[in-house]
file input17.pdb (PDB, C-alpha atoms, pLDDT in the B column)
ATOM      1  CA  MET A  10     -47.282  25.287  36.725  1.00 47.00           C
ATOM      2  CA  ILE A  11     -49.858  25.693  39.443  1.00 55.00           C
ATOM      3  CA  ASP A  12     -53.536  25.613  38.613  1.00 55.00           C
ATOM      4  CA  LYS A  13     -55.344  27.773  41.168  1.00 59.00           C
ATOM      5  CA  LYS A  14     -58.424  28.407  39.059  1.00 59.00           C
ATOM      6  CA  LYS A  15     -61.507  28.642  41.184  1.00 63.00           C
ATOM      7  CA  HIS A  16     -64.650  26.793  40.298  1.00 73.00           C
ATOM      8  CA  LYS A  17     -67.971  26.306  42.000  1.00 87.00           C
ATOM      9  CA  VAL A  18     -67.690  23.677  44.730  1.00 95.00           C
ATOM     10  CA  PHE A  19     -71.368  22.815  45.058  1.00 97.00           C
ATOM     11  CA  VAL A  20     -72.991  20.639  42.429  1.00 96.00           C
ATOM     12  CA  ASP A  21     -76.663  19.711  42.263  1.00 97.00           C
ATOM     13  CA  GLY A  22     -77.253  16.087  43.209  1.00 98.00           C
ATOM     14  CA  ALA A  23     -74.789  13.214  42.969  1.00 98.00           C
ATOM     15  CA  ILE A  24     -71.301  13.507  41.459  1.00 98.00           C
ATOM     16  CA  GLY A  25     -71.308  11.078  38.526  1.00 97.00           C
ATOM     17  CA  PRO A  26     -68.490   8.583  37.826  1.00 97.00           C
ATOM     18  CA  ALA A  27     -68.167   9.976  34.278  1.00 98.00           C
ATOM     19  CA  PHE A  28     -67.510  13.469  35.662  1.00 97.00           C
ATOM     20  CA  ILE A  29     -64.789  12.032  37.932  1.00 98.00           C
ATOM     21  CA  ALA A  30     -63.215  10.069  35.057  1.00 98.00           C
ATOM     22  CA  ASP A  31     -63.263  13.186  32.901  1.00 97.00           C
ATOM     23  CA  SER A  32     -61.542  15.214  35.647  1.00 97.00           C
ATOM     24  CA  ILE A  33     -58.745  12.635  35.767  1.00 97.00           C
ATOM     25  CA  ALA A  34     -58.413  12.590  31.978  1.00 97.00           C
ATOM     26  CA  LYS A  35     -58.023  16.384  31.854  1.00 96.00           C
ATOM     27  CA  HIS A  36     -54.775  16.110  33.816  1.00 96.00           C
ATOM     28  CA  SER A  37     -52.949  14.067  31.174  1.00 96.00           C
ATOM     29  CA  THR A  38     -51.713  17.317  29.613  1.00 96.00           C
ATOM     30  CA  LYS A  39     -50.000  18.336  32.855  1.00 96.00           C
ATOM     31  CA  LYS A  40     -46.936  16.178  32.518  1.00 96.00           C
ATOM     32  CA  ASN A  41     -45.092  17.498  35.579  1.00 96.00           C
ATOM     33  CA  ILE A  42     -47.643  15.727  37.800  1.00 98.00           C
ATOM     34  CA  GLY A  43     -46.363  12.485  39.314  1.00 98.00           C
ATOM     35  CA  ALA A  44     -49.198  11.674  41.716  1.00 98.00           C
ATOM     36  CA  HIS A  45     -52.920  12.181  42.171  1.00 98.00           C
ATOM     37  CA  SER A  46     -54.825  11.577  45.362  1.00 98.00           C
ATOM     38  CA  ILE A  47     -58.584  11.229  45.220  1.00 98.00           C
ATOM     39  CA  PHE A  48     -61.157  10.990  47.987  1.00 98.00           C
ATOM     40  CA  LEU A  49     -64.712  10.005  47.127  1.00 98.00           C
ATOM     41  CA  GLY A  50     -67.408  10.165  49.780  1.00 98.00           C
ATOM     42  CA  GLN A  51     -70.283   7.791  49.092  1.00 98.00           C
ATOM     43  CA  VAL A  52     -73.717   7.859  50.767  1.00 98.00           C
ATOM     44  CA  ARG A  53     -74.081   4.791  52.989  1.00 96.00           C
ATOM     45  CA  ASN A  54     -77.320   2.896  53.616  1.00 95.00           C
ATOM     46  CA  ASP A  55     -77.015   2.937  57.411  1.00 93.00           C
ATOM     47  CA  ILE A  56     -79.716   1.100  59.338  1.00 93.00           C
ATOM     48  CA  ILE A  57     -81.033   3.304  62.154  1.00 88.00           C
ATOM     49  CA  ASN A  58     -83.809   1.959  64.386  1.00 87.00           C
ATOM     50  CA  GLU A  59     -84.515  -0.749  61.819  1.00 89.00           C
ATOM     51  CA  LYS A  60     -84.955   1.806  59.044  1.00 92.00           C
ATOM     52  CA  GLU A  61     -82.621   2.022  56.071  1.00 94.00           C
ATOM     53  CA  VAL A  62     -81.145   5.319  54.855  1.00 95.00           C
ATOM     54  CA  GLU A  63     -82.339   5.743  51.281  1.00 96.00           C
ATOM     55  CA  ALA A  64     -80.661   9.066  50.527  1.00 97.00           C
ATOM     56  CA  ILE A  65     -79.057  12.126  52.080  1.00 97.00           C
ATOM     57  CA  GLU A  66     -80.390  15.565  51.322  1.00 97.00           C
ATOM     58  CA  TYR A  67     -77.671  18.202  51.695  1.00 98.00           C
ATOM     59  CA  THR A  68     -78.279  21.848  52.500  1.00 98.00           C
ATOM     60  CA  ALA A  69     -75.628  24.511  53.078  1.00 98.00           C
ATOM     61  CA  TYR A  70     -75.040  28.048  54.222  1.00 98.00           C
ATOM     62  CA  SER A  71     -73.586  28.727  50.776  1.00 96.00           C
ATOM     63  CA  GLU A  72     -72.081  32.190  51.320  1.00 96.00           C
ATOM     64  CA  MET A  73     -70.182  31.043  54.414  1.00 97.00           C
ATOM     65  CA  ALA A  74     -69.305  27.649  52.910  1.00 97.00           C
ATOM     66  CA  GLU A  75     -67.691  29.279  49.845  1.00 95.00           C
ATOM     67  CA  GLU A  76     -65.516  31.409  52.151  1.00 96.00           C
ATOM     68  CA  ILE A  77     -64.415  28.372  54.178  1.00 97.00           C
ATOM     69  CA  PHE A  78     -63.698  26.323  51.025  1.00 97.00           C
ATOM     70  CA  HIS A  79     -61.548  29.230  49.845  1.00 96.00           C
ATOM     71  CA  GLU A  80     -59.622  29.282  53.158  1.00 97.00           C
ATOM     72  CA  ILE A  81     -59.112  25.509  52.996  1.00 97.00           C
ATOM     73  CA  ARG A  82     -57.796  25.748  49.428  1.00 96.00           C
ATOM     74  CA  GLU A  83     -55.406  28.600  50.229  1.00 97.00           C
ATOM     75  CA  ALA A  84     -54.091  26.829  53.353  1.00 98.00           C
ATOM     76  CA  ALA A  85     -53.457  23.597  51.423  1.00 98.00           C
ATOM     77  CA  PHE A  86     -51.612  25.418  48.618  1.00 97.00           C
ATOM     78  CA  THR A  87     -49.469  27.191  51.227  1.00 98.00           C
ATOM     79  CA  LYS A  88     -48.654  24.086  53.279  1.00 98.00           C
ATOM     80  CA  TYR A  89     -48.174  21.527  50.484  1.00 98.00           C
ATOM     81  CA  SER A  90     -46.478  21.619  47.127  1.00 98.00           C
ATOM     82  CA  LEU A  91     -49.514  21.014  44.936  1.00 98.00           C
ATOM     83  CA  THR A  92     -49.876  21.265  41.188  1.00 97.00           C
ATOM     84  CA  CYS A  93     -53.648  21.471  41.358  1.00 95.00           C
ATOM     85  CA  MET A  94     -56.663  20.858  43.536  1.00 97.00           C
ATOM     86  CA  HIS A  95     -60.358  20.342  42.949  1.00 97.00           C
ATOM     87  CA  ILE A  96     -63.176  20.085  45.477  1.00 97.00           C
ATOM     88  CA  TYR A  97     -66.790  19.198  44.628  1.00 98.00           C
ATOM     89  CA  HIS A  98     -69.593  18.707  47.147  1.00 98.00           C
ATOM     90  CA  SER A  99     -73.180  17.732  46.423  1.00 98.00           C
ATOM     91  CA  ILE A 100     -76.152  19.834  47.365  1.00 98.00           C
ATOM     92  CA  GLY A 101     -79.680  18.416  47.338  1.00 98.00           C
ATOM     93  CA  ARG A 102     -80.583  14.741  47.238  1.00 97.00           C
ATOM     94  CA  VAL A 103     -77.958  12.008  46.802  1.00 98.00           C
ATOM     95  CA  ASN A 104     -79.101   8.377  46.922  1.00 98.00           C
ATOM     96  CA  ALA A 105     -77.305   5.648  48.868  1.00 97.00           C
ATOM     97  CA  GLY A 106     -74.470   4.308  46.743  1.00 98.00           C
ATOM     98  CA  GLU A 107     -73.877   7.621  44.972  1.00 98.00           C
ATOM     99  CA  ILE A 108     -70.938  10.027  45.405  1.00 98.00           C
ATOM    100  CA  SER A 109     -71.440  13.257  47.372  1.00 98.00           C
ATOM    101  CA  LEU A 110     -67.865  14.496  47.917  1.00 98.00           C
ATOM    102  CA  PHE A 111     -64.946  14.523  45.463  1.00 98.00           C
ATOM    103  CA  VAL A 112     -61.554  15.873  46.540  1.00 98.00           C
ATOM    104  CA  PHE A 113     -58.751  15.658  43.990  1.00 98.00           C
ATOM    105  CA  THR A 114     -55.155  16.801  44.627  1.00 98.00           C
ATOM    106  CA  SER A 115     -52.156  16.483  42.333  1.00 98.00           C
ATOM    107  CA  SER A 116     -48.448  16.976  42.952  1.00 98.00           C
ATOM    108  CA  VAL A 117     -45.009  16.177  41.587  1.00 98.00           C
ATOM    109  CA  HIS A 118     -44.380  13.584  44.322  1.00 97.00           C
ATOM    110  CA  ARG A 119     -47.032  11.510  46.110  1.00 98.00           C
ATOM    111  CA  LYS A 120     -46.678  12.704  49.723  1.00 98.00           C
ATOM    112  CA  ASP A 121     -47.961  16.212  49.067  1.00 98.00           C
ATOM    113  CA  ALA A 122     -51.015  14.973  47.184  1.00 98.00           C
ATOM    114  CA  ILE A 123     -51.883  12.297  49.766  1.00 98.00           C
ATOM    115  CA  GLN A 124     -51.412  14.445  52.879  1.00 98.00           C
ATOM    116  CA  ALA A 125     -53.168  17.462  51.388  1.00 98.00           C
ATOM    117  CA  CYS A 126     -56.130  15.345  50.289  1.00 98.00           C
ATOM    118  CA  ASN A 127     -56.543  13.869  53.802  1.00 98.00           C
ATOM    119  CA  GLU A 128     -56.289  17.245  55.464  1.00 98.00           C
ATOM    120  CA  ILE A 129     -58.783  18.850  53.081  1.00 98.00           C
ATOM    121  CA  VAL A 130     -61.353  16.088  53.687  1.00 98.00           C
ATOM    122  CA  GLU A 131     -61.000  16.405  57.486  1.00 98.00           C
ATOM    123  CA  ARG A 132     -61.362  20.180  57.319  1.00 98.00           C
ATOM    124  CA  ILE A 133     -64.436  19.935  55.086  1.00 98.00           C
ATOM    125  CA  LYS A 134     -66.116  17.548  57.545  1.00 97.00           C
ATOM    126  CA  ASN A 135     -65.355  19.798  60.534  1.00 97.00           C
ATOM    127  CA  GLU A 136     -65.535  23.347  59.246  1.00 97.00           C
ATOM    128  CA  VAL A 137     -67.873  23.719  56.276  1.00 98.00           C
ATOM    129  CA  PRO A 138     -71.496  24.641  57.096  1.00 98.00           C
ATOM    130  CA  VAL A 139     -73.239  21.780  55.295  1.00 98.00           C
ATOM    131  CA  TRP A 140     -75.967  19.596  56.780  1.00 98.00           C
ATOM    132  CA  GLY A 141     -77.054  16.148  55.698  1.00 97.00           C
ATOM    133  CA  LYS A 142     -80.579  14.968  56.305  1.00 96.00           C
ATOM    134  CA  GLU A 143     -80.786  11.169  56.269  1.00 95.00           C
ATOM    135  CA  ILE A 144     -83.966  10.205  54.431  1.00 95.00           C
ATOM    136  CA  PHE A 145     -85.470   6.833  55.268  1.00 94.00           C
ATOM    137  CA  SER A 146     -87.861   4.906  53.081  1.00 85.00           C
ATOM    138  CA  GLY A 147     -91.332   6.194  53.855  1.00 75.00           C
ATOM    139  CA  GLU A 148     -90.199   9.857  53.871  1.00 74.00           C
ATOM    140  CA  THR A 149     -89.190  10.066  57.553  1.00 87.00           C
ATOM    141  CA  TYR A 150     -85.772  11.547  58.273  1.00 88.00           C
ATOM    142  CA  GLN A 151     -83.151  12.427  60.858  1.00 87.00           C
ATOM    143  CA  TRP A 152     -80.258  14.888  60.786  1.00 89.00           C
ATOM    144  CA  LYS A 153     -76.922  13.221  60.124  1.00 87.00           C
ATOM    145  CA  THR A 154     -74.026  13.581  62.596  1.00 86.00           C
ATOM    146  CA  ASN A 155     -70.414  13.319  61.435  1.00 82.00           C
ATOM    147  CA  SER A 156     -68.309  10.727  63.252  1.00 77.00           C
TER     148      SER A 156
ATOM    149  CA  MET B  27     -80.944  53.363  67.967  1.00 73.00           C
ATOM    150  CA  ILE B  28     -82.667  50.006  67.839  1.00 82.00           C
ATOM    151  CA  ILE B  29     -80.613  47.622  65.785  1.00 89.00           C
ATOM    152  CA  LYS B  30     -82.142  45.132  63.428  1.00 94.00           C
ATOM    153  CA  ILE B  31     -80.442  41.877  62.483  1.00 96.00           C
ATOM    154  CA  ASN B  32     -81.137  39.232  59.864  1.00 96.00           C
ATOM    155  CA  LEU B  33     -81.309  35.798  61.416  1.00 97.00           C
ATOM    156  CA  LEU B  34     -80.735  32.599  59.443  1.00 98.00           C
ATOM    157  CA  PHE B  35     -81.582  29.086  60.638  1.00 98.00           C
ATOM    158  CA  PHE B  36     -80.062  25.935  59.163  1.00 98.00           C
ATOM    159  CA  GLY B  37     -80.485  22.176  59.478  1.00 97.00           C
ATOM    160  CA  GLN B  38     -82.283  21.044  62.587  1.00 96.00           C
ATOM    161  CA  ALA B  39     -82.528  24.633  63.859  1.00 97.00           C
ATOM    162  CA  ALA B  40     -84.711  25.491  60.841  1.00 97.00           C
ATOM    163  CA  ASP B  41     -86.908  22.471  61.639  1.00 96.00           C
ATOM    164  CA  ILE B  42     -87.350  23.569  65.253  1.00 96.00           C
ATOM    165  CA  THR B  43     -88.120  27.212  64.504  1.00 96.00           C
ATOM    166  CA  GLY B  44     -90.109  26.447  61.361  1.00 96.00           C
ATOM    167  CA  LYS B  45     -88.236  29.301  59.663  1.00 93.00           C
ATOM    168  CA  ALA B  46     -85.242  29.720  57.381  1.00 95.00           C
ATOM    169  CA  SER B  47     -84.874  33.416  58.161  1.00 94.00           C
ATOM    170  CA  TRP B  48     -86.244  36.005  60.526  1.00 92.00           C
ATOM    171  CA  ASN B  49     -85.777  39.701  61.257  1.00 90.00           C
ATOM    172  CA  PHE B  50     -84.990  40.396  64.860  1.00 87.00           C
ATOM    173  CA  SER B  51     -84.596  43.715  66.643  1.00 90.00           C
ATOM    174  CA  GLY B  52     -83.977  45.169  70.078  1.00 88.00           C
ATOM    175  CA  ILE B  53     -80.983  43.053  71.085  1.00 92.00           C
ATOM    176  CA  THR B  54     -77.416  44.304  71.372  1.00 94.00           C
ATOM    177  CA  ASN B  55     -75.223  41.196  71.595  1.00 96.00           C
ATOM    178  CA  THR B  56     -75.195  37.465  70.880  1.00 97.00           C
ATOM    179  CA  LEU B  57     -75.806  36.503  74.526  1.00 96.00           C
ATOM    180  CA  GLU B  58     -79.064  38.496  74.543  1.00 96.00           C
ATOM    181  CA  LEU B  59     -79.977  37.083  71.168  1.00 95.00           C
ATOM    182  CA  ASN B  60     -79.504  33.556  72.463  1.00 95.00           C
ATOM    183  CA  GLU B  61     -81.749  34.214  75.488  1.00 95.00           C
ATOM    184  CA  LYS B  62     -84.469  35.663  73.248  1.00 94.00           C
ATOM    185  CA  LEU B  63     -84.191  32.761  70.841  1.00 95.00           C
ATOM    186  CA  ILE B  64     -84.654  30.184  73.578  1.00 95.00           C
ATOM    187  CA  GLU B  65     -87.598  32.174  74.948  1.00 95.00           C
ATOM    188  CA  ASN B  66     -89.245  32.091  71.509  1.00 93.00           C
ATOM    189  CA  PHE B  67     -88.162  28.592  70.510  1.00 95.00           C
ATOM    190  CA  PRO B  68     -87.608  26.433  73.629  1.00 97.00           C
ATOM    191  CA  GLY B  69     -86.862  23.471  71.347  1.00 96.00           C
ATOM    192  CA  LEU B  70     -83.475  25.040  70.535  1.00 96.00           C
ATOM    193  CA  GLN B  71     -82.329  24.003  74.021  1.00 96.00           C
ATOM    194  CA  THR B  72     -82.446  20.380  72.898  1.00 96.00           C
ATOM    195  CA  ILE B  73     -79.744  20.805  70.223  1.00 96.00           C
ATOM    196  CA  LYS B  74     -76.181  22.083  70.041  1.00 96.00           C
ATOM    197  CA  TYR B  75     -75.477  25.009  67.748  1.00 97.00           C
ATOM    198  CA  SER B  76     -72.868  27.641  66.970  1.00 97.00           C
ATOM    199  CA  ILE B  77     -73.556  31.249  66.113  1.00 98.00           C
ATOM    200  CA  ALA B  78     -71.981  32.966  63.112  1.00 98.00           C
ATOM    201  CA  VAL B  79     -71.973  36.751  62.809  1.00 98.00           C
ATOM    202  CA  ASN B  80     -71.482  37.869  59.217  1.00 98.00           C
ATOM    203  CA  ARG B  81     -70.288  34.380  58.256  1.00 97.00           C
ATOM    204  CA  LYS B  82     -67.690  34.073  61.058  1.00 97.00           C
ATOM    205  CA  ILE B  83     -68.308  31.751  63.993  1.00 97.00           C
ATOM    206  CA  VAL B  84     -68.155  33.607  67.310  1.00 97.00           C
ATOM    207  CA  ARG B  85     -67.227  31.725  70.490  1.00 95.00           C
ATOM    208  CA  GLU B  86     -67.724  34.594  72.948  1.00 96.00           C
ATOM    209  CA  ASN B  87     -70.392  37.196  73.513  1.00 97.00           C
ATOM    210  CA  THR B  88     -70.250  39.529  70.521  1.00 97.00           C
ATOM    211  CA  ILE B  89     -71.686  43.012  70.024  1.00 96.00           C
ATOM    212  CA  LEU B  90     -74.212  43.147  67.191  1.00 96.00           C
ATOM    213  CA  ASN B  91     -74.529  46.007  64.734  1.00 96.00           C
ATOM    214  CA  ASN B  92     -77.451  47.103  62.612  1.00 95.00           C
ATOM    215  CA  GLU B  93     -78.024  44.879  59.558  1.00 95.00           C
ATOM    216  CA  ASP B  94     -75.669  42.122  60.793  1.00 97.00           C
ATOM    217  CA  THR B  95     -76.448  38.646  59.505  1.00 97.00           C
ATOM    218  CA  VAL B  96     -76.504  36.102  62.297  1.00 98.00           C
ATOM    219  CA  ALA B  97     -76.732  32.396  61.533  1.00 98.00           C
ATOM    220  CA  ILE B  98     -77.724  29.559  63.861  1.00 98.00           C
ATOM    221  CA  LEU B  99     -75.603  26.563  62.870  1.00 98.00           C
ATOM    222  CA  PRO B 100     -76.193  23.047  64.230  1.00 98.00           C
ATOM    223  CA  PRO B 101     -73.180  20.666  64.076  1.00 97.00           C
ATOM    224  CA  PHE B 102     -71.999  20.281  60.488  1.00 97.00           C
ATOM    225  CA  SER B 103     -72.543  16.982  58.711  1.00 96.00           C
ATOM    226  CA  GLY B 104     -71.249  17.444  55.175  1.00 94.00           C
ATOM    227  CA  GLY B 105     -69.165  15.021  53.179  1.00 90.00           C
TER     228      GLY B 105
END
call {"tool": "encode", "arguments": {"input": "input17.pdb", "output": "C-alpha cells"}}
result
Amino acid sequence: MIDKKKHKVFVDGAIGPAFIADSIAKHSTKKNIGAHSIFLGQVRNDIINEKEVEAIEYTAYSEMAEEIFHEIREAAFTKYSLTCMHIYHSIGRVNAGEISLFVFTSSVHRKDAIQACNEIVERIKNEVPVWGKEIFSGETYQWKTNS
Amino acid sequence: MIIKINLLFFGQAADITGKASWNFSGITNTLELNEKLIENFPGLQTIKYSIAVNRKIVRENTILNNEDTVAILPPFSGG
C-alpha cells in the first residue's frame, strides 16, 4: 500500500513535537512498514557579529514552492520504494530551538527510507523558493544563506 | 502590442526594491527586464538572484509574453 495523499506542506510557525509524535503514531496501522527515516531542521542561535539569532522568519513564493515540492515528491516515489512520505516546512516566525522542517519517509526496508529522506532534504534546501530572515535581538536582521 | 508583466520580488530583493510586486511594461525579454530593473533599483546589483518566468527558473534570455508572471528570486535559504 502506497500513501501518496497530498497535504499542505507549509505550516504557520514552528512544527511542534506533539505534531511529530502524532505523525509517527499514525503509522502503527501500516504494518508493512519496516523503517522510518525522519529529518528535523531546528533553528540555531548562530552568533553573527556578536549578535545572537533569536528567530528565523520564513517567507516563500508559495505557488512555485508547491510545484517544486510536488516534483520532489514524485521523483522520490519513482526512485525509491517508499510506503509513504510527508514534508512539512514552517512559514512565518520560528524561534531558535524550534523545528522548522520535518521530512518523514517510510519503507519496507531501511535503505529506501534513509536515502530518500536525505535526498529530499538536500533538494528542499537547493530548489524550493523559501527565504529565511535571521532576526537578532533588538529587531535587526539579515537574510540567511544556506551552507 | 506593448506587453505587460507582473513582477514579484522576494527576500532581499523585496527589501531593496521596497516592493513585493510591480507591473512592468514595454520590455520583450528577460535580458531587457534585467537592465531596466538595475536602472530602477541599482541596489539589485549587490545581490545574486535568479529569474523565474511563470514559476520556472530561466537560465537564458527568455521572450516574455503579455501577462507573464516574473519573479526575482535571491538564493534560497529554506529548511
call {"tool": "closest_residue", "arguments": {"input": "input17.pdb", "among": "A:Val20, A:Arg132, A:His45, A:Ile144", "to": "Ile100 (chain A)", "atoms": "all atoms listed in the file"}}
result
A:Val20
call {"tool": "resolve_selection", "arguments": {"input": "input17.pdb", "expression": "the PyMOL selection byres ((chain B) within 7 of (chain A))", "output": "number ranges by chain"}}
result
B: 37-38, 81, 102-105
call {"tool": "resolve_selection", "arguments": {"input": "input17.pdb", "expression": "the PyMOL selection byres ((chain A and resi 113-118) around 9)", "output": "VMD selection string"}}
result
chain A and resid 32 to 33 36 41 to 49 89 to 97 111 to 112 119 to 123 125 to 126
call {"tool": "axis_aligned_box", "arguments": {"input": "input17.pdb", "around": "region 87-100 of chain B", "padding_each_side": "3 Å", "output": "JSON"}}
result
{"center_x": -74.1, "center_y": 35.1, "center_z": 66.5, "size_x": 13.8, "size_y": 30.1, "size_z": 20.0}
call {"tool": "residues_around", "arguments": {"input": "input17.pdb", "residues": "Ala64 (chain A)", "least_positions_apart": "4", "cutoff": "8 Å", "atoms": "only C-alpha atoms", "output": "list of chain:residue names"}}
result
A:Val52, A:Asn54, A:Arg102, A:Val103, A:Asn104, A:Ala105, A:Glu143, A:Ile144, A:Phe145
call {"tool": "residues_around", "arguments": {"input": "input17.pdb", "residues": "Asp41 (chain B)", "least_positions_apart": "2", "cutoff": "12 Å", "atoms": "only C-alpha atoms", "output": "PDB file with C-alpha atoms, keeping the file's coordinate frame"}}
result
ATOM      1  CA  LYS A 142     -80.579  14.968  56.305  1.00 96.00           C
ATOM      2  CA  TYR A 150     -85.772  11.547  58.273  1.00 88.00           C
ATOM      3  CA  GLN A 151     -83.151  12.427  60.858  1.00 87.00           C
ATOM      4  CA  TRP A 152     -80.258  14.888  60.786  1.00 89.00           C
TER       5      TRP A 152
ATOM      6  CA  PHE B  35     -81.582  29.086  60.638  1.00 98.00           C
ATOM      7  CA  PHE B  36     -80.062  25.935  59.163  1.00 98.00           C
ATOM      8  CA  GLY B  37     -80.485  22.176  59.478  1.00 97.00           C
ATOM      9  CA  GLN B  38     -82.283  21.044  62.587  1.00 96.00           C
ATOM     10  CA  ALA B  39     -82.528  24.633  63.859  1.00 97.00           C
ATOM     11  CA  THR B  43     -88.120  27.212  64.504  1.00 96.00           C
ATOM     12  CA  GLY B  44     -90.109  26.447  61.361  1.00 96.00           C
ATOM     13  CA  LYS B  45     -88.236  29.301  59.663  1.00 93.00           C
ATOM     14  CA  ALA B  46     -85.242  29.720  57.381  1.00 95.00           C
ATOM     15  CA  SER B  47     -84.874  33.416  58.161  1.00 94.00           C
ATOM     16  CA  PHE B  67     -88.162  28.592  70.510  1.00 95.00           C
ATOM     17  CA  GLY B  69     -86.862  23.471  71.347  1.00 96.00           C
ATOM     18  CA  LEU B  70     -83.475  25.040  70.535  1.00 96.00           C
ATOM     19  CA  ILE B  73     -79.744  20.805  70.223  1.00 96.00           C
ATOM     20  CA  ILE B  98     -77.724  29.559  63.861  1.00 98.00           C
ATOM     21  CA  PRO B 100     -76.193  23.047  64.230  1.00 98.00           C
TER      22      PRO B 100
END
call {"tool": "closest_residue", "arguments": {"input": "input17.pdb", "among": "B:Thr88, B:Ser76, B:Asn66, B:Thr95", "to": "Thr54 (chain B)", "atoms": "only C-alpha atoms"}}
result
B:Thr88
call {"tool": "decode", "arguments": {"input": "input17.pdb", "residues": "region 74-80 of chain A", "atoms": "all heavy atoms", "output": "CSV table (one decimal), in the first residue's frame"}}
result
chain,number,residue,atom,x,y,z
A,74,ALA,N,6.7,27.1,-4.9
A,74,ALA,CA,7.2,26.2,-3.9
A,74,ALA,C,6.3,24.9,-4.0
A,74,ALA,O,6.9,23.8,-4.0
A,74,ALA,CB,7.2,26.8,-2.6
A,75,GLU,N,5.0,25.1,-4.1
A,75,GLU,CA,4.1,23.9,-4.1
A,75,GLU,C,4.4,23.0,-5.3
A,75,GLU,O,4.4,21.8,-5.2
A,75,GLU,CB,2.7,24.3,-4.1
A,75,GLU,CG,2.2,25.0,-2.8
A,75,GLU,CD,2.1,24.1,-1.6
A,75,GLU,OE1,2.2,22.9,-1.7
A,75,GLU,OE2,1.9,24.6,-0.5
A,76,GLU,N,4.7,23.7,-6.4
A,76,GLU,CA,5.1,22.9,-7.6
A,76,GLU,C,6.4,22.1,-7.5
A,76,GLU,O,6.5,21.0,-7.9
A,76,GLU,CB,5.2,23.8,-8.9
A,76,GLU,CG,3.9,24.4,-9.3
A,76,GLU,CD,4.0,25.2,-10.6
A,76,GLU,OE1,5.1,25.3,-11.2
A,76,GLU,OE2,3.0,25.9,-10.9
A,77,ILE,N,7.4,22.8,-6.9
A,77,ILE,CA,8.7,22.1,-6.7
A,77,ILE,C,8.5,21.0,-5.6
A,77,ILE,O,9.1,19.9,-5.8
A,77,ILE,CB,9.7,23.1,-6.2
A,77,ILE,CG1,9.8,24.3,-7.1
A,77,ILE,CG2,11.1,22.4,-6.0
A,77,ILE,CD1,10.7,24.3,-8.3
A,78,PHE,N,7.8,21.2,-4.6
A,78,PHE,CA,7.6,20.1,-3.6
A,78,PHE,C,6.9,18.9,-4.3
A,78,PHE,O,7.3,17.8,-4.0
A,78,PHE,CB,6.6,20.6,-2.4
A,78,PHE,CG,7.4,21.4,-1.3
A,78,PHE,CD1,6.9,22.6,-1.0
A,78,PHE,CD2,8.5,20.8,-0.7
A,78,PHE,CE1,7.6,23.3,0.1
A,78,PHE,CE2,9.1,21.5,0.3
A,78,PHE,CZ,8.7,22.8,0.7
A,79,HIS,N,6.0,19.2,-5.2
A,79,HIS,CA,5.3,18.1,-5.9
A,79,HIS,C,6.3,17.3,-6.7
A,79,HIS,O,6.3,16.1,-6.7
A,79,HIS,CB,4.2,18.7,-6.7
A,79,HIS,CG,3.4,17.7,-7.5
A,79,HIS,ND1,2.5,16.8,-6.9
A,79,HIS,CD2,3.4,17.4,-8.8
A,79,HIS,CE1,2.0,16.0,-7.8
A,79,HIS,NE2,2.6,16.3,-9.0
A,80,GLU,N,7.2,18.1,-7.4
A,80,GLU,CA,8.2,17.4,-8.3
A,80,GLU,C,9.1,16.5,-7.4
A,80,GLU,O,9.5,15.4,-7.8
A,80,GLU,CB,9.1,18.5,-8.9
A,80,GLU,CG,8.6,19.0,-10.3
A,80,GLU,CD,9.5,20.1,-10.7
A,80,GLU,OE1,10.8,20.0,-10.6
A,80,GLU,OE2,9.0,21.1,-11.2
